[in-house]
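Notes follow the structure.
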Amino acid sequence: MTPDDFDFISKLVNERSGLVLTPDKAYLLESRLMPVARKRGMKGLEELISAIRLRSEEDVIRDVTEAMTTNESFFFRDIKPFDIFREHTLPELLEACAGKKSFRVWCAAASSGQEPYSLAMVIKELGSQLDGWRYEIVGTDISTEILDKAKAGTYSQFEVQRGLPVQLLMKYFEKADDQWRISEDLRKMVQYKEFNLLEDPKALGTFDVVFCRNVLIYFDQPTKGQVLERMSALMPSHGKLFLGGAETVLGVTDKFKPISGQRGVYGVADATDAKPAPAPAAAGAQAAAS
């Protein structure tokens, strides 16, 4: 792939998804796009890129964007956030939402569904504590193909062995030939919707908890801030945001604040947490500067 072709594709992907591709990721771009070229009967990347340059076919551009933004996922990834969700977030949520007896969770960039289904299992394990409650998990992703897999809730032996405790596998999955399918009860707990994080999420509704883990690392700083600001607008004062271990809101936005003792978890900042605007310059100073 020529430097010019790399620049063209990386700019296209950035415009469509916010993903920032640096030259050292050229190998990733080639490995992700070769299957797209083969799927369309093309000889290689040059033919694929030429087709986009010459015809700007939307379905081809969509395939390229989805190929570059589909990330690996597995059940209970980095187990600590799920422990925090179980031990701290859920009890606080049940107290804060006791009046309406309902709550909603958003998994942004849900990929093939392991994260939302992991949360569904944690919630389901509360049993009778949730009698009379309404709750919903919304999983979104830019890729329609990966969302189809998530909706099906069917996983290989290799996929269920990655992070999923055996007792939960036996309790919430059914064996189907050489695949495992998550139970209908859990599938009903999750709604999947196509959504691009560069867009306004207001149509998704409000959320008490947002999981946006291992996504922002692929965005530039201004895009990170915009995404987080839009998320904060959907959340009540008791809302909680979960980010990945290598991600932070510090230096990115003042809409969220770290939760002490809960690494990777952030609360919605209130007005008193916001940084004050700089004081206007004194008249004398203005005159001196002019």
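Chain lettering (A, B, ...) mirrors the order of the structure tokens, residue numbering begins at 1 for each chain separately, and ligand numbering begins at 1 in order of display.
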Problem set entry | Sel. of strand (DSSP E) residues, range 48-227 of chain A, as number ranges by chain | A: 102-107, 134-141, 154-156, 173-176, 179-182, 190-194, 209-212
For this session: Would you list the contacts of Ser156 in chain A as a list of chain:residue names, taking every protein, DNA or RNA residue within 8 Å and counting only C-alpha atoms, but skipping same-chain residues closer than 5 positions in sequence?
Result: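 Residues meeting the cut-off are A:Asp178, A:Gln179, A:Trp180.
Residues with any atom within 6 Å of range 120-137 of chain A, counting only C-alpha atoms and excluding same-chain neighbours fewer than 5 positions away, are Lys101, Ser102, Phe103, Arg104, Val105, Trp106, Met189 and Val190 of chain A.
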Exercise. To one decimal place, how far is CA of Glu184 in chain A from CA of Ala203 in chain A in Å?
Worked result: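 Calculated distance between CA of Glu184 in chain A and CA of Ala203 in chain A is 26.3 Å.
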Report as CSV: every residue of range 78-125 of chain A with an atom at most 9 Å from range 160-169 of chain A, its closest pair of atoms, and their distance in Å to one decimal, counting only C-alpha atoms, with rows sorted by chain and ascending residue number.
```
residue,atom,partner,partner_atom,distance
A:Asp78,CA,A:Gly163,CA,8.5
A:Ile79,CA,A:Gly163,CA,8.0
A:Ser118,CA,A:Leu164,CA,8.4
A:Met121,CA,A:Leu168,CA,7.8
```
Please tabulate, as JSON lines, the residues of range 87-128 of chain A that come within 12 Å of range 250-269 of chain A, each with its closest pair of atoms and the distance in Å to one decimal, counting only C-alpha atoms and ordering rows by chain, then residue number upward.
```
{"residue": "A:Glu87", "atom": "CA", "partner": "A:Gln262", "partner_atom": "CA", "distance": 10.6}
{"residue": "A:His88", "atom": "CA", "partner": "A:Gln262", "partner_atom": "CA", "distance": 8.8}
{"residue": "A:Thr89", "atom": "CA", "partner": "A:Val265", "partner_atom": "CA", "distance": 9.5}
{"residue": "A:Glu92", "atom": "CA", "partner": "A:Gly267", "partner_atom": "CA", "distance": 12.0}
```
For this session: List every residue of range 103-263 of chain A that DSSP, applied to the backbone, labels as alpha helix (DSSP H), and write the result as number ranges by chain.
Result: A: 114-124, 144-152, 157-161, 166-172, 184-189, 221-232
Export N, CA and C atoms of the chosen residues as a short mmCIF file (atom, residue, chain, number, x, y, z; two decimals), in the first residue's frame?
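Contents of part-v2.cif, as written:
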```
data_model
loop_
_atom_site.label_atom_id
_atom_site.label_comp_id
_atom_site.auth_asym_id
_atom_site.auth_seq_id
_atom_site.Cartn_x
_atom_site.Cartn_y
_atom_site.Cartn_z
N GLN A 114 -20.56 -9.55 23.90
CA GLN A 114 -20.10 -10.15 25.16
C GLN A 114 -20.23 -9.21 26.35
N GLU A 115 -19.95 -7.92 26.17
CA GLU A 115 -20.05 -6.99 27.30
C GLU A 115 -21.49 -6.81 27.77
N PRO A 116 -22.46 -6.48 26.89
CA PRO A 116 -23.84 -6.34 27.37
C PRO A 116 -24.41 -7.61 27.97
N TYR A 117 -24.06 -8.76 27.41
CA TYR A 117 -24.56 -10.02 27.97
C TYR A 117 -23.90 -10.31 29.32
N SER A 118 -22.65 -9.91 29.50
CA SER A 118 -21.99 -10.06 30.81
C SER A 118 -22.73 -9.23 31.85
N LEU A 119 -23.08 -7.99 31.49
CA LEU A 119 -23.84 -7.14 32.41
C LEU A 119 -25.22 -7.71 32.68
N ALA A 120 -25.83 -8.29 31.66
CA ALA A 120 -27.15 -8.91 31.84
C ALA A 120 -27.08 -10.04 32.86
N MET A 121 -26.00 -10.82 32.82
CA MET A 121 -25.84 -11.91 33.79
C MET A 121 -25.67 -11.37 35.20
N VAL A 122 -24.88 -10.30 35.34
CA VAL A 122 -24.68 -9.69 36.66
C VAL A 122 -26.02 -9.22 37.21
N ILE A 123 -26.82 -8.55 36.38
CA ILE A 123 -28.12 -8.05 36.81
C ILE A 123 -29.07 -9.19 37.14
N LYS A 124 -29.06 -10.21 36.30
CA LYS A 124 -29.96 -11.37 36.50
C LYS A 124 -29.66 -12.08 37.81
N THR A 144 -23.13 -3.13 11.36
CA THR A 144 -24.37 -3.91 11.33
C THR A 144 -24.07 -5.41 11.34
N GLU A 145 -22.97 -5.79 10.73
CA GLU A 145 -22.61 -7.21 10.69
C GLU A 145 -22.30 -7.75 12.08
N ILE A 146 -21.56 -6.99 12.86
CA ILE A 146 -21.21 -7.45 14.21
C ILE A 146 -22.43 -7.42 15.12
N LEU A 147 -23.37 -6.49 14.87
CA LEU A 147 -24.60 -6.44 15.66
C LEU A 147 -25.48 -7.65 15.37
N ASP A 148 -25.47 -8.13 14.15
CA ASP A 148 -26.24 -9.34 13.82
C ASP A 148 -25.74 -10.52 14.65
N LYS A 149 -24.43 -10.60 14.81
CA LYS A 149 -23.86 -11.68 15.63
C LYS A 149 -24.26 -11.50 17.09
N ALA A 150 -24.24 -10.26 17.56
CA ALA A 150 -24.63 -9.99 18.95
C ALA A 150 -26.09 -10.37 19.20
N LYS A 151 -26.97 -10.01 18.27
CA LYS A 151 -28.39 -10.33 18.42
C LYS A 151 -28.62 -11.83 18.46
N ALA A 152 -27.86 -12.57 17.66
CA ALA A 152 -28.02 -14.02 17.62
C ALA A 152 -27.60 -14.64 18.95
N GLN A 157 -16.96 -22.40 21.14
CA GLN A 157 -16.37 -22.90 22.38
C GLN A 157 -15.23 -22.00 22.83
N PHE A 158 -14.42 -21.56 21.86
CA PHE A 158 -13.29 -20.67 22.18
C PHE A 158 -13.79 -19.36 22.79
N GLU A 159 -14.87 -18.80 22.24
CA GLU A 159 -15.37 -17.52 22.73
C GLU A 159 -15.95 -17.62 24.15
N VAL A 160 -16.64 -18.71 24.45
CA VAL A 160 -17.22 -18.82 25.80
C VAL A 160 -16.18 -19.19 26.84
N GLN A 161 -15.05 -19.70 26.40
CA GLN A 161 -13.99 -20.04 27.35
C GLN A 161 -13.18 -18.81 27.77
N VAL A 166 -17.55 -21.10 34.36
CA VAL A 166 -18.26 -22.31 33.93
C VAL A 166 -19.68 -22.33 34.48
N GLN A 167 -19.88 -21.89 35.73
CA GLN A 167 -21.22 -21.94 36.32
C GLN A 167 -22.20 -21.04 35.57
N LEU A 168 -21.71 -19.91 35.07
CA LEU A 168 -22.58 -19.02 34.30
C LEU A 168 -22.83 -19.56 32.90
N LEU A 169 -21.84 -20.23 32.34
CA LEU A 169 -22.02 -20.88 31.04
C LEU A 169 -23.13 -21.92 31.13
N MET A 170 -23.09 -22.76 32.15
CA MET A 170 -24.09 -23.82 32.29
C MET A 170 -25.47 -23.26 32.65
N LYS A 171 -25.49 -22.13 33.32
CA LYS A 171 -26.76 -21.55 33.77
C LYS A 171 -27.47 -20.76 32.68
N TYR A 172 -26.69 -20.05 31.87
CA TYR A 172 -27.31 -19.10 30.93
C TYR A 172 -27.12 -19.43 29.45
N GLU A 184 -32.76 -17.18 26.03
CA GLU A 184 -33.70 -16.19 25.51
C GLU A 184 -33.96 -15.09 26.52
N ASP A 185 -34.02 -15.43 27.81
CA ASP A 185 -34.25 -14.43 28.86
C ASP A 185 -33.20 -13.33 28.81
N LEU A 186 -31.94 -13.71 28.66
CA LEU A 186 -30.87 -12.72 28.61
C LEU A 186 -30.87 -11.96 27.29
N ARG A 187 -31.18 -12.64 26.19
CA ARG A 187 -31.24 -11.94 24.90
C ARG A 187 -32.31 -10.85 24.93
N LYS A 188 -33.40 -11.12 25.63
CA LYS A 188 -34.49 -10.14 25.72
C LYS A 188 -34.10 -8.92 26.56
N MET A 189 -33.10 -9.07 27.41
CA MET A 189 -32.67 -7.96 28.27
C MET A 189 -31.87 -6.91 27.50
N GLN A 221 -8.10 13.89 20.67
CA GLN A 221 -8.54 14.54 21.90
C GLN A 221 -9.86 15.33 21.74
N PRO A 222 -10.01 16.15 20.70
CA PRO A 222 -11.27 16.89 20.56
C PRO A 222 -12.47 15.97 20.40
N THR A 223 -12.30 14.87 19.66
CA THR A 223 -13.41 13.93 19.46
C THR A 223 -13.78 13.24 20.76
N LYS A 224 -12.78 12.87 21.55
CA LYS A 224 -13.05 12.27 22.86
C LYS A 224 -13.93 13.20 23.70
N GLY A 225 -13.54 14.47 23.74
CA GLY A 225 -14.30 15.44 24.53
C GLY A 225 -15.73 15.59 24.05
N GLN A 226 -15.93 15.62 22.75
CA GLN A 226 -17.27 15.75 22.19
C GLN A 226 -18.13 14.55 22.52
N VAL A 227 -17.56 13.34 22.39
CA VAL A 227 -18.30 12.12 22.69
C VAL A 227 -18.73 12.10 24.16
N LEU A 228 -17.80 12.42 25.05
CA LEU A 228 -18.10 12.40 26.48
C LEU A 228 -19.11 13.47 26.86
N GLU A 229 -19.02 14.63 26.26
CA GLU A 229 -19.97 15.70 26.56
C GLU A 229 -21.39 15.29 26.16
N ARG A 230 -21.52 14.66 25.01
CA ARG A 230 -22.84 14.21 24.56
C ARG A 230 -23.38 13.11 25.47
N MET A 231 -22.49 12.25 25.95
CA MET A 231 -22.93 11.19 26.86
C MET A 231 -23.42 11.77 28.18
N SER A 232 -22.71 12.76 28.69
CA SER A 232 -23.09 13.34 29.98
C SER A 232 -24.48 13.96 29.92
#
```
For this session: Between A:Ala109, A:Val209, A:Leu33, A:Val13, single out the one closest to Glu72 in chain A, counting only C-alpha atoms.
Result: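 The closest residue to Glu72 in chain A is A:Ala109.
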Problem set entry | Pro236 in chain A surroundings by only C-alpha atoms, 8 Å radius, close-in-sequence under 4 positions cut, as a list of chain:residue names | A:Thr206, A:Phe207, A:Asp208, A:Val268
